[in-house]
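For reference, query03.cif is printed below; it contains mmCIF, C-alpha atoms.
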```cif
data_structure
#
loop_
_atom_site.label_atom_id
_atom_site.label_comp_id
_atom_site.auth_asym_id
_atom_site.auth_seq_id
_atom_site.Cartn_x
_atom_site.Cartn_y
_atom_site.Cartn_z
CA MET A 1 -26.42 -15.88 49.03
CA THR A 2 -24.86 -19.34 49.14
CA GLU A 3 -23.93 -19.09 45.46
CA VAL A 4 -22.19 -15.77 46.03
CA VAL A 5 -20.19 -17.24 48.93
CA ASP A 6 -19.23 -20.23 46.80
CA GLU A 7 -18.12 -17.93 43.97
CA GLN A 8 -16.02 -15.85 46.33
CA ARG A 9 -14.45 -18.97 47.80
CA ALA A 10 -13.65 -20.29 44.30
CA LEU A 11 -12.02 -17.00 43.38
CA ARG A 12 -10.02 -16.92 46.60
CA ASP A 13 -8.78 -20.48 46.09
CA ALA A 14 -7.90 -19.70 42.48
CA ARG A 15 -5.93 -16.63 43.54
CA TYR A 16 -3.96 -18.58 46.16
CA ALA A 17 -3.23 -21.43 43.74
CA VAL A 18 -1.93 -19.09 41.03
CA ALA A 19 0.12 -17.22 43.65
CA ALA A 20 1.71 -20.53 44.69
CA VAL A 21 2.60 -21.23 41.06
CA PHE A 22 4.33 -17.85 40.85
CA ALA A 23 6.30 -18.69 44.00
CA VAL A 24 7.49 -22.03 42.59
CA HIS A 25 8.50 -20.37 39.32
CA GLY A 26 10.47 -17.71 41.18
CA ALA A 27 12.23 -20.24 43.40
CA VAL A 28 13.92 -21.76 40.34
CA THR A 29 15.33 -18.38 39.30
CA GLY A 30 16.49 -17.58 42.83
CA THR A 31 18.20 -20.93 43.16
CA PHE A 32 20.14 -20.47 39.94
CA ALA A 33 21.07 -16.79 40.41
CA THR A 34 23.08 -17.31 43.60
CA ARG A 35 25.22 -20.06 42.04
CA VAL A 36 26.18 -18.22 38.84
CA PRO A 37 29.78 -17.77 40.07
CA TRP A 38 30.01 -21.55 40.62
CA VAL A 39 28.67 -22.22 37.13
CA GLN A 40 31.19 -19.74 35.69
CA ASP A 41 34.11 -21.40 37.47
CA HIS A 42 32.92 -24.93 36.61
CA ALA A 43 32.77 -24.10 32.89
CA SER A 44 36.02 -22.02 33.06
CA LEU A 45 34.46 -18.93 31.49
CA SER A 46 35.56 -15.30 31.33
CA ALA A 47 33.09 -12.51 32.13
CA GLY A 48 32.38 -12.02 28.43
CA GLN A 49 31.81 -15.72 27.83
CA LEU A 50 29.50 -15.94 30.83
CA GLY A 51 27.47 -13.01 29.53
CA PHE A 52 27.21 -14.67 26.12
CA ALA A 53 25.97 -17.92 27.67
CA LEU A 54 23.46 -16.17 29.93
CA ALA A 55 22.03 -14.40 26.89
CA PHE A 56 20.74 -17.76 25.67
CA THR A 57 18.29 -17.79 28.59
CA ALA A 58 16.34 -14.85 27.19
CA PHE A 59 16.93 -16.05 23.63
CA GLY A 60 15.23 -19.34 24.47
CA ALA A 61 12.40 -17.54 26.26
CA SER A 62 11.82 -15.15 23.36
CA CYS A 63 11.69 -18.03 20.88
CA ALA A 64 9.32 -20.16 22.98
CA MET A 65 6.91 -17.63 24.53
CA PRO A 66 4.84 -17.14 21.34
CA LEU A 67 4.06 -20.88 21.47
CA ALA A 68 2.43 -20.72 24.90
CA GLY A 69 -0.89 -19.31 23.69
CA GLY A 70 -1.40 -22.19 21.26
CA ILE A 71 -0.52 -24.78 23.89
CA THR A 72 -2.97 -23.30 26.39
CA HIS A 73 -5.67 -23.05 23.72
CA ARG A 74 -5.32 -26.72 22.82
CA PHE A 75 -4.86 -28.36 26.21
CA GLY A 76 -6.48 -25.93 28.66
CA SER A 77 -4.85 -23.79 31.30
CA ARG A 78 -4.41 -26.39 34.04
CA THR A 79 -2.88 -29.19 31.97
CA SER A 80 -0.68 -26.77 30.07
CA LEU A 81 0.60 -25.02 33.16
CA ARG A 82 1.28 -28.30 34.95
CA ALA A 83 3.42 -29.55 32.05
CA LEU A 84 5.20 -26.26 31.38
CA LEU A 85 5.98 -25.65 35.05
CA ALA A 86 7.43 -29.17 35.38
CA MET A 87 9.66 -28.53 32.36
CA TRP A 88 10.90 -25.33 33.99
CA THR A 89 11.67 -26.82 37.40
CA ALA A 90 13.40 -29.86 35.87
CA SER A 91 15.55 -27.68 33.59
CA LEU A 92 17.31 -26.24 36.66
CA VAL A 93 19.71 -29.20 36.68
CA LEU A 94 21.11 -28.43 33.23
CA PRO A 95 23.39 -25.37 33.80
CA ALA A 96 25.40 -27.05 36.55
CA LEU A 97 26.10 -30.04 34.30
CA ALA A 98 27.65 -27.91 31.52
CA PRO A 99 31.47 -28.29 31.40
CA ASN A 100 32.15 -25.64 28.74
CA LEU A 101 30.74 -22.64 26.88
CA LEU A 102 28.92 -24.59 24.16
CA THR A 103 27.07 -26.92 26.51
CA LEU A 104 26.21 -24.05 28.86
CA CYS A 105 24.69 -22.10 25.94
CA LEU A 106 22.53 -25.11 25.04
CA ALA A 107 21.52 -25.61 28.67
CA MET A 108 20.57 -21.97 29.09
CA PHE A 109 18.50 -22.03 25.89
CA VAL A 110 16.38 -24.94 27.20
CA TYR A 111 16.24 -23.34 30.64
CA GLY A 112 15.01 -20.06 29.16
CA ALA A 113 12.51 -21.64 26.76
CA SER A 114 10.78 -23.60 29.51
CA ALA A 115 10.83 -20.54 31.80
CA GLY A 116 9.22 -18.32 29.16
CA MET A 117 6.36 -20.66 28.29
CA ALA A 118 5.49 -21.27 31.93
CA ASP A 119 5.72 -17.52 32.57
CA VAL A 120 3.16 -16.69 29.87
CA ALA A 121 0.75 -19.41 31.02
CA MET A 122 0.77 -18.35 34.67
CA ASN A 123 0.50 -14.63 33.88
CA ALA A 124 -2.50 -15.29 31.63
CA LEU A 125 -4.17 -17.15 34.50
CA GLY A 126 -3.35 -14.29 36.84
CA VAL A 127 -4.99 -11.78 34.51
CA GLU A 128 -8.12 -13.97 34.27
CA VAL A 129 -8.43 -14.19 38.04
CA GLU A 130 -7.75 -10.45 38.42
CA HIS A 131 -10.48 -9.76 35.85
CA ARG A 132 -13.04 -11.73 37.85
CA LEU A 133 -12.00 -10.41 41.26
CA GLY A 134 -12.40 -6.85 40.00
CA LYS A 135 -9.24 -5.51 41.64
CA SER A 136 -5.54 -5.32 40.95
CA ILE A 137 -3.63 -8.45 42.08
CA MET A 138 -0.84 -8.77 39.49
CA SER A 139 1.77 -6.94 41.56
CA GLY A 140 1.00 -9.22 44.49
CA LEU A 141 1.31 -12.30 42.28
CA HIS A 142 4.69 -11.10 41.07
CA GLY A 143 5.48 -10.43 44.71
CA MET A 144 4.93 -14.12 45.35
CA TRP A 145 7.32 -14.82 42.47
CA SER A 146 9.90 -12.63 44.21
CA ALA A 147 9.18 -14.33 47.54
CA GLY A 148 9.82 -17.70 45.90
CA ALA A 149 13.00 -16.33 44.35
CA LEU A 150 14.02 -15.07 47.79
CA VAL A 151 13.57 -18.51 49.33
CA GLY A 152 15.53 -20.09 46.50
CA SER A 153 18.31 -17.52 46.79
CA ALA A 154 18.46 -17.89 50.57
CA ALA A 155 18.98 -21.62 50.16
CA GLY A 156 21.55 -20.88 47.46
CA THR A 157 23.36 -18.45 49.75
CA LEU A 158 23.65 -21.16 52.38
CA ALA A 159 24.82 -23.69 49.79
CA ALA A 160 27.43 -21.25 48.46
CA HIS A 161 28.62 -20.47 52.00
CA LEU A 162 29.06 -24.19 52.68
CA GLY A 163 30.89 -24.65 49.39
CA SER A 164 28.47 -27.31 48.14
CA ASP A 165 28.56 -28.72 44.62
CA ALA A 166 25.89 -26.93 42.56
CA ARG A 167 25.13 -30.15 40.67
CA VAL A 168 23.86 -31.74 43.88
CA HIS A 169 22.22 -28.52 45.04
CA PHE A 170 20.33 -28.01 41.76
CA ALA A 171 19.23 -31.66 41.54
CA LEU A 172 17.71 -31.57 45.03
CA ALA A 173 16.05 -28.19 44.43
CA ALA A 174 14.62 -29.33 41.08
CA ALA A 175 13.12 -32.47 42.62
CA VAL A 176 11.44 -30.55 45.45
CA LEU A 177 10.11 -27.77 43.21
CA THR A 178 8.79 -30.19 40.58
CA VAL A 179 6.72 -31.97 43.21
CA LEU A 180 5.47 -28.69 44.69
CA GLY A 181 4.53 -27.42 41.24
CA ALA A 182 2.54 -30.54 40.43
CA VAL A 183 0.65 -30.26 43.72
CA VAL A 184 -0.32 -26.57 43.48
CA CYS A 185 -1.39 -26.90 39.83
CA ARG A 186 -4.23 -29.17 40.97
CA TRP A 187 -6.07 -26.08 42.26
CA VAL A 188 -5.50 -23.57 39.47
CA PRO A 189 -8.55 -22.69 37.31
CA ASP A 190 -9.07 -25.02 34.36
CA LEU A 191 -9.92 -22.48 31.68
CA ARG A 192 -10.61 -23.91 28.22
CA ALA A 193 -11.34 -22.30 24.89
CA ALA A 194 -14.78 -22.79 23.43
CA GLU A 195 -14.98 -25.05 20.38
CA GLU A 196 -15.85 -22.13 18.11
CA ASP A 197 -12.82 -20.08 19.26
CA GLU A 198 -10.04 -19.83 16.71
CA ALA A 199 -6.57 -20.95 17.74
CA PRO A 200 -4.14 -18.05 18.27
CA PRO A 201 -1.44 -17.49 15.65
CA ARG A 202 1.89 -19.23 16.06
CA VAL A 203 3.68 -15.92 16.56
CA ALA A 204 1.83 -13.62 18.99
CA LEU A 205 2.86 -10.05 18.26
CA PRO A 206 1.62 -7.19 20.46
CA PRO A 207 -0.58 -4.41 19.09
CA ARG A 208 1.13 -1.18 18.09
CA SER A 209 -0.22 0.53 21.19
CA ALA A 210 1.80 -1.88 23.33
CA LEU A 211 5.19 -1.06 21.82
CA LEU A 212 5.93 1.82 24.19
CA LEU A 213 4.61 -0.24 27.07
CA GLY A 214 7.02 -2.98 26.06
CA ALA A 215 9.85 -0.44 25.94
CA VAL A 216 9.22 0.53 29.57
CA GLY A 217 9.20 -3.13 30.53
CA PHE A 218 12.41 -3.52 28.52
CA CYS A 219 14.21 -1.04 30.81
CA ALA A 220 12.95 -2.75 33.96
CA VAL A 221 13.83 -6.27 32.84
CA PHE A 222 17.30 -5.12 31.77
CA ALA A 223 17.97 -3.76 35.26
CA GLU A 224 16.44 -6.82 36.91
CA GLY A 225 18.37 -9.30 34.78
CA ALA A 226 21.65 -7.45 35.22
CA SER A 227 21.20 -7.37 38.99
CA LEU A 228 20.15 -11.00 39.28
CA ASP A 229 22.89 -12.40 37.07
CA TRP A 230 25.75 -10.05 37.94
CA SER A 231 25.28 -8.77 41.50
CA ALA A 232 27.13 -11.73 43.05
CA VAL A 233 29.89 -11.52 40.43
CA TYR A 234 30.13 -7.74 40.97
CA LEU A 235 30.76 -8.07 44.69
CA ARG A 236 33.16 -10.98 44.27
CA ASP A 237 35.28 -9.54 41.45
CA ARG A 238 35.16 -5.78 41.97
CA LEU A 239 34.87 -5.55 45.76
CA GLU A 240 36.66 -8.85 46.58
CA SER A 241 33.81 -10.16 48.72
CA SER A 242 33.45 -13.76 49.87
CA ALA A 243 31.20 -16.17 47.98
CA GLY A 244 28.69 -16.13 50.82
CA LEU A 245 28.50 -12.31 50.99
CA ALA A 246 28.28 -12.06 47.20
CA ALA A 247 25.35 -14.49 47.16
CA ALA A 248 23.74 -12.54 50.02
CA CYS A 249 23.73 -9.44 47.80
CA THR A 250 21.52 -11.26 45.31
CA THR A 251 19.28 -12.31 48.18
CA GLY A 252 18.97 -8.70 49.35
CA PHE A 253 18.02 -7.57 45.87
CA MET A 254 15.30 -10.23 45.72
CA LEU A 255 14.06 -9.29 49.20
CA THR A 256 13.34 -5.70 48.23
CA MET A 257 11.70 -6.92 45.00
CA ALA A 258 9.44 -9.21 46.99
CA VAL A 259 8.45 -6.59 49.57
CA ALA A 260 7.74 -3.94 46.94
CA ARG A 261 5.65 -6.26 44.79
CA ILE A 262 3.60 -7.63 47.66
CA ALA A 263 2.79 -4.06 48.71
CA GLY A 264 2.56 -2.88 45.11
CA ASP A 265 -1.16 -3.38 44.50
CA ALA A 266 -2.07 -1.04 47.36
CA VAL A 267 0.48 1.54 46.18
CA VAL A 268 -0.74 1.41 42.57
CA ASN A 269 -4.37 1.74 43.65
CA ARG A 270 -3.41 4.75 45.76
CA PHE A 271 -1.01 6.64 43.48
CA GLY A 272 -1.67 5.18 40.02
CA SER A 273 0.61 3.36 37.63
CA VAL A 274 2.36 6.46 36.31
CA GLY A 275 3.24 7.93 39.69
CA THR A 276 4.39 4.58 41.05
CA VAL A 277 6.66 3.80 38.10
CA ARG A 278 8.07 7.33 37.98
CA ALA A 279 9.01 7.26 41.65
CA GLY A 280 10.41 3.77 41.23
CA GLY A 281 12.60 4.90 38.35
CA VAL A 282 14.10 7.66 40.47
CA LEU A 283 14.77 5.19 43.28
CA ALA A 284 16.33 2.64 40.91
CA ALA A 285 18.58 5.28 39.34
CA PHE A 286 19.81 6.33 42.78
CA GLY A 287 20.52 2.69 43.58
CA GLY A 288 22.47 2.35 40.34
CA LEU A 289 24.52 5.40 41.27
CA LEU A 290 25.42 3.81 44.60
CA ILE A 291 26.50 0.61 42.82
CA VAL A 292 28.72 2.52 40.40
CA LEU A 293 30.38 4.59 43.14
CA ALA A 294 30.58 1.82 45.74
CA GLY A 295 33.92 1.34 47.46
CA HIS A 296 32.56 -1.06 50.06
CA PRO A 297 30.29 -4.13 49.78
CA ALA A 298 27.66 -2.59 52.07
CA VAL A 299 27.21 0.40 49.73
CA ALA A 300 26.86 -1.82 46.68
CA MET A 301 24.40 -4.09 48.47
CA THR A 302 22.31 -1.03 49.41
CA GLY A 303 22.38 0.05 45.78
CA PHE A 304 21.17 -3.32 44.55
CA ALA A 305 18.41 -3.31 47.18
CA LEU A 306 17.19 0.11 46.04
CA MET A 307 17.36 -1.04 42.43
CA GLY A 308 15.07 -3.94 43.27
CA LEU A 309 12.68 -1.67 45.16
CA GLY A 310 12.45 0.77 42.27
CA ILE A 311 11.82 -1.65 39.39
CA ALA A 312 9.65 -4.16 41.25
CA VAL A 313 6.17 -3.25 40.01
CA VAL A 314 6.98 -2.26 36.43
CA VAL A 315 6.72 -5.68 34.78
CA PRO A 316 3.50 -6.68 36.62
CA LEU A 317 1.87 -3.46 35.44
CA CYS A 318 2.99 -4.06 31.85
CA PHE A 319 1.64 -7.62 31.89
CA ALA A 320 -1.65 -6.58 33.48
CA ALA A 321 -2.21 -3.89 30.84
CA ALA A 322 -1.39 -6.36 28.07
CA GLY A 323 -3.69 -9.02 29.50
CA HIS A 324 -6.65 -6.63 29.67
CA SER A 325 -6.09 -5.33 26.13
CA GLY A 326 -7.99 -8.08 24.28
CA PRO A 327 -9.98 -11.31 24.48
CA ASN A 328 -6.90 -13.58 24.47
CA PRO A 329 -4.66 -12.83 27.49
CA SER A 330 -2.09 -15.49 26.56
CA GLN A 331 -1.59 -14.01 23.11
CA ALA A 332 -1.35 -10.42 24.33
CA ILE A 333 0.98 -11.28 27.22
CA ALA A 334 3.17 -13.44 24.99
CA GLY A 335 3.53 -10.60 22.51
CA VAL A 336 4.46 -7.97 25.09
CA ALA A 337 6.64 -10.44 26.97
CA THR A 338 8.58 -11.18 23.81
CA ILE A 339 9.42 -7.48 23.48
CA THR A 340 10.09 -7.04 27.18
CA TYR A 341 12.30 -10.06 27.59
CA THR A 342 14.36 -9.15 24.56
CA SER A 343 15.95 -6.94 27.18
CA GLY A 344 16.93 -10.09 29.02
CA LEU A 345 18.55 -11.31 25.81
CA ILE A 346 20.63 -8.16 25.52
CA ALA A 347 21.43 -7.52 29.19
CA PRO A 348 23.73 -10.47 30.05
CA SER A 349 25.81 -10.22 26.87
CA LEU A 350 26.02 -6.42 27.03
CA ILE A 351 26.99 -6.40 30.70
CA GLY A 352 29.58 -9.12 30.09
CA GLY A 353 30.88 -7.52 26.90
CA VAL A 354 31.32 -4.09 28.49
CA ALA A 355 32.92 -5.73 31.52
CA GLN A 356 35.33 -7.59 29.25
CA ALA A 357 36.31 -4.37 27.45
CA THR A 358 36.38 -2.16 30.56
CA ASP A 359 35.00 -3.39 33.90
CA LEU A 360 31.70 -4.12 35.63
CA THR A 361 31.46 -0.57 36.97
CA VAL A 362 30.97 0.79 33.46
CA SER A 363 28.43 -1.96 32.79
CA PHE A 364 26.26 -0.73 35.64
CA VAL A 365 26.43 2.83 34.32
CA VAL A 366 24.35 1.46 31.42
CA VAL A 367 21.89 -0.07 33.91
CA THR A 368 21.59 3.26 35.74
CA VAL A 369 20.84 5.17 32.52
CA LEU A 370 18.04 2.71 31.66
CA ALA A 371 16.63 3.11 35.18
CA CYS A 372 16.41 6.85 34.48
CA GLY A 373 14.37 5.92 31.42
CA LEU A 374 11.68 4.43 33.66
CA ALA A 375 11.14 7.80 35.31
CA ALA A 376 11.25 9.66 32.01
CA PHE A 377 8.78 7.47 30.12
CA ALA A 378 6.41 6.38 32.89
CA GLY A 379 3.63 8.38 31.23
CA VAL A 380 3.01 5.65 28.64
CA LEU A 381 1.40 3.60 31.42
CA ARG A 382 -1.63 5.89 31.45
CA SER A 383 -3.30 3.51 29.00
CA GLY A 384 -2.58 0.69 31.43
CA GLU A 385 -4.38 2.56 34.19
CA ARG A 386 -7.50 2.68 32.02
CA ASN A 387 -7.22 -1.09 31.54
CA ARG A 388 -6.88 -1.95 35.20
CA PRO A 389 -10.05 -3.42 36.75
CA LYS A 390 -12.04 -1.16 39.02
CA LEU A 391 -12.45 -2.06 42.68
CA SER A 392 -16.22 -1.79 42.47
CA ARG A 393 -16.57 -4.45 39.82
CA PRO A 394 -18.65 -7.43 41.07
CA ALA A 395 -16.90 -10.78 41.35
CA ALA A 396 -17.81 -13.65 39.08
CA ALA A 397 -17.00 -17.30 39.39
CA VAL A 398 -14.01 -18.70 37.57
CA PRO A 399 -15.55 -20.79 34.78
CA ASP A 400 -14.21 -23.97 33.24
CA ARG A 401 -14.50 -22.45 29.77
CA HIS A 402 -13.91 -19.01 28.34
CA SER A 403 -17.15 -17.19 27.78
#
```

Turn this file's structure into structure tokens for me.
Amino acid sequence: MTEVVDEQRALRDARYAVAAVFAVHGAVTGTFATRVPWVQDHASLSAGQLGFALAFTAFGASCAMPLAGGITHRFGSRTSLRALLAMWTASLVLPALAPNLLTLCLAMFVYGASAGMADVAMNALGVEVEHRLGKSIMSGLHGMWSAGALVGSAAGTLAAHLGSDARVHFALAAAVLTVLGAVVCRWVPDLRAAEEDEAPPRVALPPRSALLLGAVGFCAVFAEGASLDWSAVYLRDRLESSAGLAAACTTGFMLTMAVARIAGDAVVNRFGSVGTVRAGGVLAAFGGLLIVLAGHPAVAMTGFALMGLGIAVVVPLCFAAAGHSGPNPSQAIAGVATITYTSGLIAPSLIGGVAQATDLTVSFVVVTVLACGLAAFAGVLRSGERNRPKLSRPAAAVPDRHS
């Protein structure tokens, strides 16, 4: 009896520690997203140039994510995550220091590469803990990411309202988040590969069965990235909102993402992956329609909030299905993430390019069409439902080595 209690306590502590890591990771993204207009003005960039620079975030992530499995295999989950998370939090200072397009592109590449590797490592840990708990927790973990992003964006909204220099803002945020990340990583599970386990390949490609799953994630990440990077610019440029109100729009988007993801595990367990994603796609498409037709900031902000609510659980479900598809969660997640986040590579440049040629309204027509794709192709997640752990599965302790 005592052993069972100890196992349950170890699993609970592991879940909380990994959730805290997700929150720290999200806080970096939230901090940056609300100050994108400042970064644009500081580097004297047009909308098209800004989109080109932001594309290097996903380009860096896509290049670096396949490396995460090998790093985790060699150094273990705890040491790897501690180092990769510190790289990510510290990289926050770079975009605000860039005075022109070239330096901003380089900064965003490093920023994205560190983000991607930390993302793969923490999602692999989340899948391992979910596997041992015997119930779905990935949506909740991503909810903690959104909660962290919300805190970061709220602080960024205040900083933007006060007109603070983003170089000072980012330096302070990076210092705080680096310390927090180092502290919470002390309690994450220290999973290590057995000596006889082969190292994963340098490039982790997903199985063929995951291609359609990656395509669904592609649509969701495109809508998420477009909303995060361009919602504040949209309100400022198209609807002539103040910097504070524009930043608040990004915060509202993150708030609905956080709420939906925290509640997402219960919803998915009740209605299934397919039904949840299909309903979310309809909601996101309606939100996109409001954004496109908005003549007032309040309407656009409502649209962005509905967009966040609709796409919130899609990526967690894709990652969970990938992580349960084979014996190496890091490799599987890295492969699917590389496909999924290619959307993040395309979204900023496409949104900026269309905006340069026409305006941001047309750009968000593209986002709305992709949101419709979520509803249309939600059926591919049926395989993910078969991979989700069953609630009746008995819990097992989190080991120090893979079995």

Starting from the displayed file, determine the output of the PyMOL selection byres ((chain A and resi 26-32) around 7) and express the residue list as an mmCIF file with C-alpha atoms, in the frame of the given file.
```cif
data_model
loop_
_atom_site.group_PDB
_atom_site.id
_atom_site.type_symbol
_atom_site.label_atom_id
_atom_site.label_comp_id
_atom_site.auth_asym_id
_atom_site.auth_seq_id
_atom_site.Cartn_x
_atom_site.Cartn_y
_atom_site.Cartn_z
ATOM 1 C CA PHE A 22 4.330 -17.850 40.850
ATOM 2 C CA ALA A 23 6.300 -18.690 44.000
ATOM 3 C CA VAL A 24 7.490 -22.030 42.590
ATOM 4 C CA HIS A 25 8.500 -20.370 39.320
ATOM 5 C CA ALA A 33 21.070 -16.790 40.410
ATOM 6 C CA THR A 34 23.080 -17.310 43.600
ATOM 7 C CA ARG A 35 25.220 -20.060 42.040
ATOM 8 C CA VAL A 36 26.180 -18.220 38.840
ATOM 9 C CA THR A 89 11.670 -26.820 37.400
ATOM 10 C CA LEU A 92 17.310 -26.240 36.660
ATOM 11 C CA TRP A 145 7.320 -14.820 42.470
ATOM 12 C CA SER A 146 9.900 -12.630 44.210
ATOM 13 C CA GLY A 148 9.820 -17.700 45.900
ATOM 14 C CA ALA A 149 13.000 -16.330 44.350
ATOM 15 C CA LEU A 150 14.020 -15.070 47.790
ATOM 16 C CA VAL A 151 13.570 -18.510 49.330
ATOM 17 C CA GLY A 152 15.530 -20.090 46.500
ATOM 18 C CA SER A 153 18.310 -17.520 46.790
ATOM 19 C CA GLY A 156 21.550 -20.880 47.460
#
```

Query raised in the report: Within 7 Å of segment 113-118 of chain A, counting only C-alpha atoms, which residues qualify if same-chain residues fewer than 6 places away don't, as a ChimeraX atom specification?
Result: /A:60-61,63-65,68,81,84-85,87-88

Query raised in the report: Quick one: of A:Gly264, A:Pro189, A:Pro95, A:Pro66, who's nearest to Val18 of chain A, counting all atoms listed in the file?
Result: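 When distances to Val18 of chain A are compared using all atoms listed in the file, the smallest one comes from A:Pro189.
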
Query raised in the report: Could you pull the residues within 7 Å of segment 351-368 of chain A, counting all atoms listed in the file, minus those fewer than 5 positions along the same chain, as a list in words?
Result: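 Surrounding residues, per the criterion: Ala47, Gly48, Leu50, Gly51, Ala223, Tyr234, Ala285, Gly288, Leu289 and Val292 of chain A.
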
Report task. Find the residue from A:Ala378, A:Ile291, A:Ala305, A:Val314 that sits nearest to Gly275 of chain A; use all atoms listed in the file when measuring. Result ->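 Looking at the shortest contact to Gly275 of chain A, the residue is A:Ala378.
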
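Applied to the shown file, the PyMOL selection byres ((chain A and resi 218) around 9) selects the residues Leu213, Gly214, Ala215, Val216, Gly217, Cys219, Ala220, Val221, Phe222, Ala223, Val315, Ile339, Thr340, Tyr341, Thr342, Ser343, Gly344 and Leu370 of chain A.
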
**Report entry** Gap from atom CA of Gly76 of chain A to atom CA of Cys185 of chain A - Å, one decimal
**Finding:**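 These atoms are spaced 12.3 Å apart.
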
Query raised in the report: Out of A:Val274, A:Ile333, A:Ala90, A:Cys372, which residue has the shortest atom-to-atom distance to Val176 of chain A when counting all atoms listed in the file?
Result: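 Of all the options, A:Ala90 lies closest to Val176 of chain A.
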
Check which residues satisfy the PyMOL selection byres ((chain A and resi 284) around 6) in the file shown, then give them as a JSON list (two decimals) with C-alpha atoms, in the frame of the given file.
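Heads up, here's the output in out.json:
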```json
[["chain", "number", "residue", "atom", "x", "y", "z"],
["A", 281, "GLY", "CA", 12.60, 4.90, 38.35],
["A", 282, "VAL", "CA", 14.10, 7.66, 40.47],
["A", 283, "LEU", "CA", 14.77, 5.19, 43.28],
["A", 285, "ALA", "CA", 18.58, 5.28, 39.34],
["A", 286, "PHE", "CA", 19.81, 6.33, 42.78],
["A", 287, "GLY", "CA", 20.52, 2.69, 43.58],
["A", 306, "LEU", "CA", 17.19, 0.11, 46.04],
["A", 307, "MET", "CA", 17.36, -1.04, 42.43],
["A", 310, "GLY", "CA", 12.45, 0.77, 42.27],
["A", 371, "ALA", "CA", 16.63, 3.11, 35.18]]
```

Query raised in the report: Which residues, protein or nucleic acid, reach to within 12 Å of (22.8, -23.2, 27.7) in the file's coordinates when using all atoms listed in the file, and can you give that as number ranges by chain?
Result: A: 39, 43, 49-61, 91-113

So that I have them on file, write out the residues from the current selection with C-alpha atoms, as a JSON list (two decimals), in the coordinates of the input.
```
[["chain", "number", "residue", "atom", "x", "y", "z"],
["A", 39, "VAL", "CA", 28.67, -22.22, 37.13],
["A", 43, "ALA", "CA", 32.77, -24.10, 32.89],
["A", 49, "GLN", "CA", 31.81, -15.72, 27.83],
["A", 50, "LEU", "CA", 29.50, -15.94, 30.83],
["A", 51, "GLY", "CA", 27.47, -13.01, 29.53],
["A", 52, "PHE", "CA", 27.21, -14.67, 26.12],
["A", 53, "ALA", "CA", 25.97, -17.92, 27.67],
["A", 54, "LEU", "CA", 23.46, -16.17, 29.93],
["A", 55, "ALA", "CA", 22.03, -14.40, 26.89],
["A", 56, "PHE", "CA", 20.74, -17.76, 25.67],
["A", 57, "THR", "CA", 18.29, -17.79, 28.59],
["A", 58, "ALA", "CA", 16.34, -14.85, 27.19],
["A", 59, "PHE", "CA", 16.93, -16.05, 23.63],
["A", 60, "GLY", "CA", 15.23, -19.34, 24.47],
["A", 61, "ALA", "CA", 12.40, -17.54, 26.26],
["A", 91, "SER", "CA", 15.55, -27.68, 33.59],
["A", 92, "LEU", "CA", 17.31, -26.24, 36.66],
["A", 93, "VAL", "CA", 19.71, -29.20, 36.68],
["A", 94, "LEU", "CA", 21.11, -28.43, 33.23],
["A", 95, "PRO", "CA", 23.39, -25.37, 33.80],
["A", 96, "ALA", "CA", 25.40, -27.05, 36.55],
["A", 97, "LEU", "CA", 26.10, -30.04, 34.30],
["A", 98, "ALA", "CA", 27.65, -27.91, 31.52],
["A", 99, "PRO", "CA", 31.47, -28.29, 31.40],
["A", 100, "ASN", "CA", 32.15, -25.64, 28.74],
["A", 101, "LEU", "CA", 30.74, -22.64, 26.88],
["A", 102, "LEU", "CA", 28.92, -24.59, 24.16],
["A", 103, "THR", "CA", 27.07, -26.92, 26.51],
["A", 104, "LEU", "CA", 26.21, -24.05, 28.86],
["A", 105, "CYS", "CA", 24.69, -22.10, 25.94],
["A", 106, "LEU", "CA", 22.53, -25.11, 25.04],
["A", 107, "ALA", "CA", 21.52, -25.61, 28.67],
["A", 108, "MET", "CA", 20.57, -21.97, 29.09],
["A", 109, "PHE", "CA", 18.50, -22.03, 25.89],
["A", 110, "VAL", "CA", 16.38, -24.94, 27.20],
["A", 111, "TYR", "CA", 16.24, -23.34, 30.64],
["A", 112, "GLY", "CA", 15.01, -20.06, 29.16],
["A", 113, "ALA", "CA", 12.51, -21.64, 26.76]]
```

Query raised in the report: atom CA of Leu177 of chain A and atom CA of Leu235 of chain A, how far apart in Å?
Result: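 We find that atom CA of Leu235 of chain A and atom CA of Leu177 of chain A lie 28.6 Å from each other.
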
Query raised in the report: Quick one: distance from atom CA of Trp230 of chain A to atom CA of Gly308 of chain A in Å, one decimal?
Result: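 Atom-to-atom, atom CA of Trp230 of chain A to atom CA of Gly308 of chain A, that is 13.4 Å.
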
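Considering the residues A:Ala321, A:Met254, A:Leu245, A:Ala159 and counting all atoms listed in the file, Arg382 of chain A has its shortest atom-to-atom contact with A:Ala321.
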
Query raised in the report: Skipping near chain neighbours, those fewer than 3 positions away, what residues fall within 9 Å of Asn123 of chain A using all atoms listed in the file, listed as a count of residues only?
Result: 17

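Shortest atom-to-atom contact with Leu11 of chain A among A:Gly70, A:Gly163, A:Gly134, A:Gly140: A:Gly134, counting all atoms listed in the file.
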